[in-house]
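Trainee: For reference, the structure I am asking about is given below.
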Protein chains: 2
Amino acid sequence: MVKTDNGKAVERLRAAGLRPTRQRVELAGLLFKGAHRHITAESLHEEAVSLDLKISLATIYNTLHQFTHAGLLRQVIVDASRGYFDTNTGDHQHFFVEDEGRLIDIPGEAISVSGVPNPPSGMAVDRVDVVVRVRRG
Amino acid sequence: MVKTDNGKAVERLRAAGLRPTRQRVELAGLLFKGAHRHITAESLHEEAVSLDLKISLATIYNTLHQFTHAGLLRQVIVDASRGYFDTNTGDHQHFFVEDEGRLIDIPGEAISVSGVPNPPSGMAVDRVDVVVRVRRG
DNA sequence: TTTCTATTTAGAATAATTCTAAACTGTTGA
DNA sequence: TCAACAGTTTAGAATTATTCTAAATAGAAA
C-alpha cells in the first residue's frame with residue numbers, strides 16, 4: 001500500500017491534542033514539512049485546491065486558529081486587511097514588504113528591544129512585536 | 001455673532017493643503033483640540049453623531065485617510081479587524097491592551113530597537129513599529 | 001453672483017472572516 | 001468488527017469593516 005508519509009503530522013497533531021482528521025493532517029503536511037512559511041487563509045486554500053486536496057475555506061480558517069491556539073502557528077499582524085500566520089513560533093520578528101504583502105523573518109538573536117516601560121498595573125506583557133516596514137526604493 | 005473657535009483647525013487644514021470644509025474642520029476640532037488621541041473610524045463617527053455633527057461614515061473614512069496622507073495622523077496596525085489612528089505622529093510606540101482594544105503610547109525616547117538587519121536589497125526601511133501586547137493578569 | 005471643481009453622501013458593493021445547521025468521520029468500548 | 005457518540009467539516013448565509021459610485025452640495029475664484 002503506497003501512502004504519503006504523514007506519520008509526522010499525525011504525531012504532531014496528537015501531541016497538540018488535536019484529532020488527526022484528514023484535513024488537519026494534510027494541512028499540517030503542507031505547513032510543517034519543509035522550511036518555515038508565512039501564509040494567509042486564502043493562499044493556503046489556493047495551495048490546497050491546486051494540489052487537489054478537498055478542504056473548504058471555512059476549515060482552513062478553523063484549522064489556522066486551532067493550530068495557533070495549540071502553539072503550532074503564530075499569528076502576525078502587519079496588515080489591516082489580511083491575516084498572516086507564521087509556522088515559525090520561536091522568538092523572531094519581521095520585515096514587511098508593504099508593496100508585495102510579503103513577510104521576511106528577522107532572527108530573534110539579531111534584534112532587540114530595550115526600554116519597554118512597565119505595563120499599566122494589573123497588566124502583563126504578552127508579547128513584543130516588531131515590524132520593520134520596508135518599501136521598494 | 002457667536003461661533004466655535006475653529007480658526008486653528010482651519011489654519012492647520014490650509015497648511016496641509018486640505019480645503020477646510022465644514023466636516024474636515026469639525027473633525028480636526030475633535031481630533032487636534034486637546035491631548036493626543038487614539039481613534040477608530042467607528043468611534044469617531046459615534047462621537048460626531050453624539051455631538052450632533054452631521055458627518056457620514058464615508059466622510060469619516062475619507063478624512064482619516066486624507067489626514068494620514070497629509071501627515072496629521074498616523075495609522076496604527078495592531079488588530080487584524082480594526083483600523084486605529086493616532087493623533088500623535090511623532091516618534092513613539094504602543095502598548096496594546098488586547099482585551100479592551102485600547103492603545104497606550106510609549107514615548108520614543110523610552111524605547112529603542114537595535115540590531116535591525118539591512119533590508120533586502122532594493123528596499124528601504126519605512127518605519128519600525130513596536131507593539132507591546134499586554135493582558136489583564 | 002456664476003461657475004468650476006473638490007467634497008460629501010446614501011446606499012450599494014467588496015473582502016475577509018465567522019456562523020449555522022446538517023452531514024460526516026475518528027475513536028472508543030463491547 | 002461495529003455501533004454510537006462527540007468532534008469535525010462544509011456550503012452557504014451572515015457579519016463586519018471598509019471602499020466604491022454616482023448624484024447632490026459647497027468652497028474658491030473671478
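Identifiers in this document derive from the order of the C-alpha cells: chains are assigned A, B, ..., residues are numbered from 1 separately in each chain, and ligands are numbered from 1 in order of occurrence.
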I need the residues of chain B that end up classed as strand (DSSP E or B) by DSSP on the backbone, written out as a PyMOL selection string.
Mentor: chain B and resi 38-40+74-79+82-86+92-97+102-107+112-114+123-136
Trainee: For the selection you just gave me, I'd like the residues written to a file as a CSV table (one decimal), in the first residue's frame, keeping N, CA and C atoms.
Mentor:
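Generated output (selection.csv):
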chain,number,residue,atom,x,y,z
B,38,HIS,N,-6.3,58.2,20.4
B,38,HIS,CA,-6.3,57.0,19.5
B,38,HIS,C,-7.8,56.8,19.1
B,39,ILE,N,-8.0,56.8,17.8
B,39,ILE,CA,-9.4,56.6,17.5
B,39,ILE,C,-9.6,55.6,16.3
B,40,THR,N,-10.8,55.2,16.1
B,40,THR,CA,-11.2,54.3,15.1
B,40,THR,C,-12.3,55.0,14.3
B,74,ARG,N,-1.5,59.3,12.1
B,74,ARG,CA,-0.7,58.1,11.8
B,74,ARG,C,-1.5,56.9,12.0
B,75,GLN,N,-1.4,55.9,11.1
B,75,GLN,CA,-2.2,54.7,11.3
B,75,GLN,C,-1.5,53.7,12.1
B,76,VAL,N,-2.2,53.0,13.0
B,76,VAL,CA,-1.5,52.1,13.9
B,76,VAL,C,-2.1,50.7,13.6
B,77,ILE,N,-1.3,49.8,13.3
B,77,ILE,CA,-1.9,48.4,12.9
B,77,ILE,C,-1.5,47.5,14.0
B,78,VAL,N,-2.6,47.1,14.8
B,78,VAL,CA,-2.4,46.2,16.0
B,78,VAL,C,-3.4,45.1,16.0
B,79,ASP,N,-4.5,45.3,15.2
B,79,ASP,CA,-5.6,44.4,15.3
B,79,ASP,C,-6.0,44.1,13.9
B,82,ARG,N,-9.6,45.8,12.9
B,82,ARG,CA,-10.0,47.2,13.2
B,82,ARG,C,-8.8,48.1,12.9
B,83,GLY,N,-9.1,49.3,12.3
B,83,GLY,CA,-8.1,50.2,12.0
B,83,GLY,C,-8.0,51.3,13.0
B,84,TYR,N,-6.8,51.5,13.6
B,84,TYR,CA,-6.7,52.6,14.6
B,84,TYR,C,-5.9,53.8,13.9
B,85,PHE,N,-6.2,55.0,14.4
B,85,PHE,CA,-5.4,56.1,14.0
B,85,PHE,C,-5.0,56.9,15.3
B,86,ASP,N,-3.8,57.5,15.2
B,86,ASP,CA,-3.2,58.2,16.3
B,86,ASP,C,-3.0,59.6,15.9
B,92,HIS,N,7.1,57.4,18.5
B,92,HIS,CA,6.7,56.7,19.7
B,92,HIS,C,6.1,55.3,19.3
B,93,GLN,N,5.9,54.5,20.3
B,93,GLN,CA,5.4,53.2,20.1
B,93,GLN,C,4.2,53.0,21.0
B,94,HIS,N,3.7,51.7,21.0
B,94,HIS,CA,2.4,51.5,21.7
B,94,HIS,C,2.4,50.2,22.6
B,95,PHE,N,1.7,50.3,23.7
B,95,PHE,CA,1.1,49.2,24.3
B,95,PHE,C,-0.2,48.9,23.7
B,96,PHE,N,-0.6,47.7,23.5
B,96,PHE,CA,-2.0,47.4,23.0
B,96,PHE,C,-2.6,46.4,24.0
B,97,VAL,N,-3.7,46.9,24.7
B,97,VAL,CA,-4.4,46.1,25.7
B,97,VAL,C,-5.4,45.2,24.9
B,102,ARG,N,-7.5,48.7,23.5
B,102,ARG,CA,-7.1,50.1,23.8
B,102,ARG,C,-5.6,50.3,23.6
B,103,LEU,N,-5.2,51.4,23.1
B,103,LEU,CA,-3.8,51.7,22.9
B,103,LEU,C,-3.2,52.7,23.9
B,104,ILE,N,-2.0,52.5,24.3
B,104,ILE,CA,-1.3,53.4,25.2
B,104,ILE,C,0.0,53.8,24.6
B,105,ASP,N,0.3,55.1,24.6
B,105,ASP,CA,1.6,55.5,24.0
B,105,ASP,C,2.8,55.1,24.8
B,106,ILE,N,3.9,54.8,24.2
B,106,ILE,CA,5.2,54.6,24.8
B,106,ILE,C,6.1,55.7,24.1
B,107,PRO,N,6.6,56.6,24.9
B,107,PRO,CA,7.4,57.7,24.3
B,107,PRO,C,8.6,57.1,23.5
B,112,SER,N,13.9,51.6,22.6
B,112,SER,CA,14.8,51.5,21.4
B,112,SER,C,14.9,50.1,20.9
B,113,VAL,N,15.1,50.1,19.6
B,113,VAL,CA,15.2,48.8,18.9
B,113,VAL,C,16.6,48.8,18.3
B,114,SER,N,17.3,47.7,18.5
B,114,SER,CA,18.7,47.7,17.9
B,114,SER,C,18.9,46.3,17.2
B,123,MET,N,15.4,47.7,-1.1
B,123,MET,CA,14.3,48.1,-0.2
B,123,MET,C,14.8,49.1,0.8
B,124,ALA,N,14.0,50.0,1.2
B,124,ALA,CA,14.4,50.9,2.2
B,124,ALA,C,13.4,50.9,3.4
B,125,VAL,N,13.9,51.0,4.6
B,125,VAL,CA,13.1,51.0,5.8
B,125,VAL,C,12.2,52.2,5.8
B,126,ASP,N,10.9,51.9,6.0
B,126,ASP,CA,9.9,53.0,6.0
B,126,ASP,C,9.7,53.4,7.5
B,127,ARG,N,9.6,52.4,8.3
B,127,ARG,CA,9.2,52.7,9.7
B,127,ARG,C,9.4,51.4,10.5
B,128,VAL,N,9.8,51.6,11.8
B,128,VAL,CA,9.9,50.4,12.7
B,128,VAL,C,8.8,50.5,13.7
B,129,ASP,N,7.9,49.6,13.7
B,129,ASP,CA,6.8,49.6,14.7
B,129,ASP,C,7.0,48.6,15.8
B,130,VAL,N,6.8,49.0,17.0
B,130,VAL,CA,6.8,48.1,18.1
B,130,VAL,C,5.5,48.1,18.8
B,131,VAL,N,4.9,46.9,19.0
B,131,VAL,CA,3.7,46.8,19.7
B,131,VAL,C,3.9,45.9,20.9
B,132,VAL,N,3.7,46.4,22.1
B,132,VAL,CA,3.8,45.6,23.3
B,132,VAL,C,2.4,45.2,23.7
B,133,ARG,N,2.1,43.9,23.4
B,133,ARG,CA,0.8,43.4,23.7
B,133,ARG,C,0.7,43.0,25.2
B,134,VAL,N,-0.3,43.6,25.8
B,134,VAL,CA,-0.5,43.3,27.3
B,134,VAL,C,-1.9,42.8,27.5
B,135,ARG,N,-2.0,42.0,28.6
B,135,ARG,CA,-3.3,41.5,29.0
B,135,ARG,C,-3.5,41.7,30.5
B,136,ARG,N,-4.7,41.7,30.9
B,136,ARG,CA,-5.1,41.6,32.3
B,136,ARG,C,-4.5,40.4,32.9
Trainee: Can you write out as a tab-separated table which residues of chain C fall within 10 Å of chain A, alongside each residue's closest atom pair and its distance in Å to one decimal, counting only C-alpha atoms (C1' of nucleotides) and ordering rows by chain and ascending residue number?
Mentor:
residue	atom	partner	partner_atom	distance
C:DA15	C1'	A:Ser81	CA	8.5
C:DA16	C1'	A:Arg82	CA	7.1
C:DT17	C1'	A:Tyr61	CA	8.1
C:DT18	C1'	A:Ala58	CA	8.6
C:DT25	C1'	A:Thr21	CA	8.2
C:DG26	C1'	A:Thr21	CA	7.1
C:DT27	C1'	A:Arg19	CA	9.4
Trainee: Keeping only N, CA and C atoms (P, O5', C5', C4', C3', O3' and C1' of nucleotides), write the selected residues to a file as a PDB file, in the first residue's frame.
Mentor:
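Final file, again34.pdb:
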ATOM      1  P    DA C  15     -13.468  42.314  -4.038  1.00  0.00           P
ATOM      2  O5'  DA C  15     -12.986  42.067  -2.536  1.00  0.00           O
ATOM      3  C5'  DA C  15     -12.603  43.180  -1.726  1.00  0.00           C
ATOM      4  C4'  DA C  15     -12.093  42.621  -0.430  1.00  0.00           C
ATOM      5  C3'  DA C  15     -11.663  41.161  -0.507  1.00  0.00           C
ATOM      6  O3'  DA C  15     -10.520  40.988   0.307  1.00  0.00           O
ATOM      7  C1'  DA C  15     -13.461  41.370   1.005  1.00  0.00           C
ATOM      8  P    DA C  16      -9.824  39.553   0.394  1.00  0.00           P
ATOM      9  O5'  DA C  16      -9.979  39.262   1.949  1.00  0.00           O
ATOM     10  C5'  DA C  16      -9.469  40.189   2.882  1.00  0.00           C
ATOM     11  C4'  DA C  16     -10.061  39.869   4.222  1.00  0.00           C
ATOM     12  C3'  DA C  16      -9.767  38.446   4.697  1.00  0.00           C
ATOM     13  O3'  DA C  16      -9.207  38.525   5.992  1.00  0.00           O
ATOM     14  C1'  DA C  16     -12.095  38.911   4.809  1.00  0.00           C
ATOM     15  P    DT C  17      -8.684  37.228   6.717  1.00  0.00           P
ATOM     16  O5'  DT C  17      -9.971  36.815   7.568  1.00  0.00           O
ATOM     17  C5'  DT C  17     -10.557  37.809   8.395  1.00  0.00           C
ATOM     18  C4'  DT C  17     -11.900  37.331   8.892  1.00  0.00           C
ATOM     19  C3'  DT C  17     -11.870  35.949   9.555  1.00  0.00           C
ATOM     20  O3'  DT C  17     -12.096  36.164  10.948  1.00  0.00           O
ATOM     21  C1'  DT C  17     -13.798  36.266   8.204  1.00  0.00           C
ATOM     22  P    DT C  18     -12.261  34.974  11.947  1.00  0.00           P
ATOM     23  O5'  DT C  18     -13.855  34.791  11.998  1.00  0.00           O
ATOM     24  C5'  DT C  18     -14.637  35.879  12.434  1.00  0.00           C
ATOM     25  C4'  DT C  18     -16.091  35.445  12.455  1.00  0.00           C
ATOM     26  C3'  DT C  18     -16.367  34.194  13.294  1.00  0.00           C
ATOM     27  O3'  DT C  18     -17.477  34.534  14.112  1.00  0.00           O
ATOM     28  C1'  DT C  18     -17.280  33.942  11.135  1.00  0.00           C
ATOM     29  P    DT C  25     -16.968  11.082   5.524  1.00  0.00           P
ATOM     30  O5'  DT C  25     -15.918  11.094   6.719  1.00  0.00           O
ATOM     31  C5'  DT C  25     -15.565  12.308   7.389  1.00  0.00           C
ATOM     32  C4'  DT C  25     -14.869  11.921   8.683  1.00  0.00           C
ATOM     33  C3'  DT C  25     -14.339  10.499   8.722  1.00  0.00           C
ATOM     34  O3'  DT C  25     -13.275  10.490   9.619  1.00  0.00           O
ATOM     35  C1'  DT C  25     -15.849  10.735  10.421  1.00  0.00           C
ATOM     36  P    DG C  26     -11.813  10.127   9.102  1.00  0.00           P
ATOM     37  O5'  DG C  26     -10.972  10.547  10.373  1.00  0.00           O
ATOM     38  C5'  DG C  26     -10.999   9.647  11.374  1.00  0.00           C
ATOM     39  C4'  DG C  26     -10.845  10.310  12.690  1.00  0.00           C
ATOM     40  C3'  DG C  26     -10.151   9.325  13.577  1.00  0.00           C
ATOM     41  O3'  DG C  26      -9.453  10.008  14.570  1.00  0.00           O
ATOM     42  C1'  DG C  26     -12.464   9.460  14.158  1.00  0.00           C
ATOM     43  P    DT C  27      -8.499   9.075  15.451  1.00  0.00           P
ATOM     44  O5'  DT C  27      -9.483   8.554  16.589  1.00  0.00           O
ATOM     45  C5'  DT C  27     -10.184   9.524  17.362  1.00  0.00           C
ATOM     46  C4'  DT C  27     -11.006   8.805  18.411  1.00  0.00           C
ATOM     47  C3'  DT C  27     -10.296   7.612  19.056  1.00  0.00           C
ATOM     48  O3'  DT C  27     -10.359   7.824  20.456  1.00  0.00           O
ATOM     49  C1'  DT C  27     -12.466   6.999  18.314  1.00  0.00           C
TER      50       DT C  27
END
Trainee: Would you mind reading off the distance between atom CA of Gly29 of chain B and atom CA of Thr89 of chain B, one decimal, in Å?
Mentor: 16.7 Å
Trainee: Taking only segment 54-93 of chain B into account, list the residues labelled helix (DSSP H, G or I) by DSSP (computed from the backbone), as a list in words.
Mentor: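 The residues of segment 54-93 of chain B classed as helix (DSSP H, G or I) are Leu57, Ala58, Thr59, Ile60, Tyr61, Asn62, Thr63, Leu64, His65, Gln66, Phe67, Thr68 and His69 of chain B.
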Trainee: What is the atom CA of Leu73 of chain A to atom CA of Asn88 of chain A distance in Å?
Mentor: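 Taking atom CA of Leu73 of chain A as the start and atom CA of Asn88 of chain A as the end point, the length is 6.8 Å.
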Trainee: Each residue of chain D lying at most 8 Å from chain A should get a row with its shortest atom-to-atom pair and the distance in Å to one decimal, counting only C-alpha atoms (C1' of nucleotides); could you produce that, ordered by chain and increasing number, as CSV?
Mentor:
residue,atom,partner,partner_atom,distance
D:DT8,C1',A:Thr21,CA,7.9
D:DT9,C1',A:Thr59,CA,6.6
D:DT10,C1',A:Ser56,CA,6.6
Trainee: Go ahead and write the residues just picked, N, CA and C atoms (P, O5', C5', C4', C3', O3' and C1' of nucleotides), as a PDB file, in the first residue's frame.
Mentor:
ATOM      1  P    DT D   8     -12.409  18.201  17.311  1.00  0.00           P
ATOM      2  O5'  DT D   8     -13.042  18.068  15.852  1.00  0.00           O
ATOM      3  C5'  DT D   8     -12.748  16.912  15.082  1.00  0.00           C
ATOM      4  C4'  DT D   8     -13.239  17.098  13.670  1.00  0.00           C
ATOM      5  C3'  DT D   8     -12.883  18.424  13.004  1.00  0.00           C
ATOM      6  O3'  DT D   8     -12.198  18.101  11.800  1.00  0.00           O
ATOM      7  C1'  DT D   8     -15.186  17.939  12.720  1.00  0.00           C
ATOM      8  P    DT D   9     -11.733  19.204  10.798  1.00  0.00           P
ATOM      9  O5'  DT D   9     -12.917  19.203   9.739  1.00  0.00           O
ATOM     10  C5'  DT D   9     -13.128  18.039   8.959  1.00  0.00           C
ATOM     11  C4'  DT D   9     -14.270  18.286   8.011  1.00  0.00           C
ATOM     12  C3'  DT D   9     -14.087  19.502   7.092  1.00  0.00           C
ATOM     13  O3'  DT D   9     -14.257  19.054   5.751  1.00  0.00           O
ATOM     14  C1'  DT D   9     -16.201  19.559   8.177  1.00  0.00           C
ATOM     15  P    DT D  10     -13.920  20.037   4.557  1.00  0.00           P
ATOM     16  O5'  DT D  10     -15.367  20.609   4.248  1.00  0.00           O
ATOM     17  C5'  DT D  10     -16.408  19.692   3.928  1.00  0.00           C
ATOM     18  C4'  DT D  10     -17.704  20.443   3.755  1.00  0.00           C
ATOM     19  C3'  DT D  10     -17.544  21.758   3.009  1.00  0.00           C
ATOM     20  O3'  DT D  10     -18.338  21.720   1.832  1.00  0.00           O
ATOM     21  C1'  DT D  10     -18.844  22.048   4.980  1.00  0.00           C
TER      22       DT D  10
END
Trainee: Could you list, as an NGL selection string, every residue within 8 Å of Leu31 of chain B, counting only C-alpha atoms (C1' of nucleotides) and ignoring same-chain residues fewer than 5 positions away?
Mentor: :B and (36-37 or 87)
Trainee: Check the smallest atom-to-atom distance from each of B:Ala110, B:Ser121, B:His65, B:His45 to chain A using only C-alpha atoms, then report the winner.
Mentor: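 So, comparing all the options, the nearest one is B:Ala110.
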Trainee: Quick one: residues within 9 Å of DA26 of chain D, only C-alpha atoms (C1' of nucleotides), excluding same-chain residues fewer than 3 positions away - as number ranges by chain?
Mentor: B: 21; C: 6-8
Trainee: Quote the spacing between atom CA of Thr63 of chain A and atom CA of Arg24 of chain A in Å to one decimal place.
Mentor: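 Between atom CA of Thr63 of chain A and atom CA of Arg24 of chain A the gap works out to 6.8 Å.
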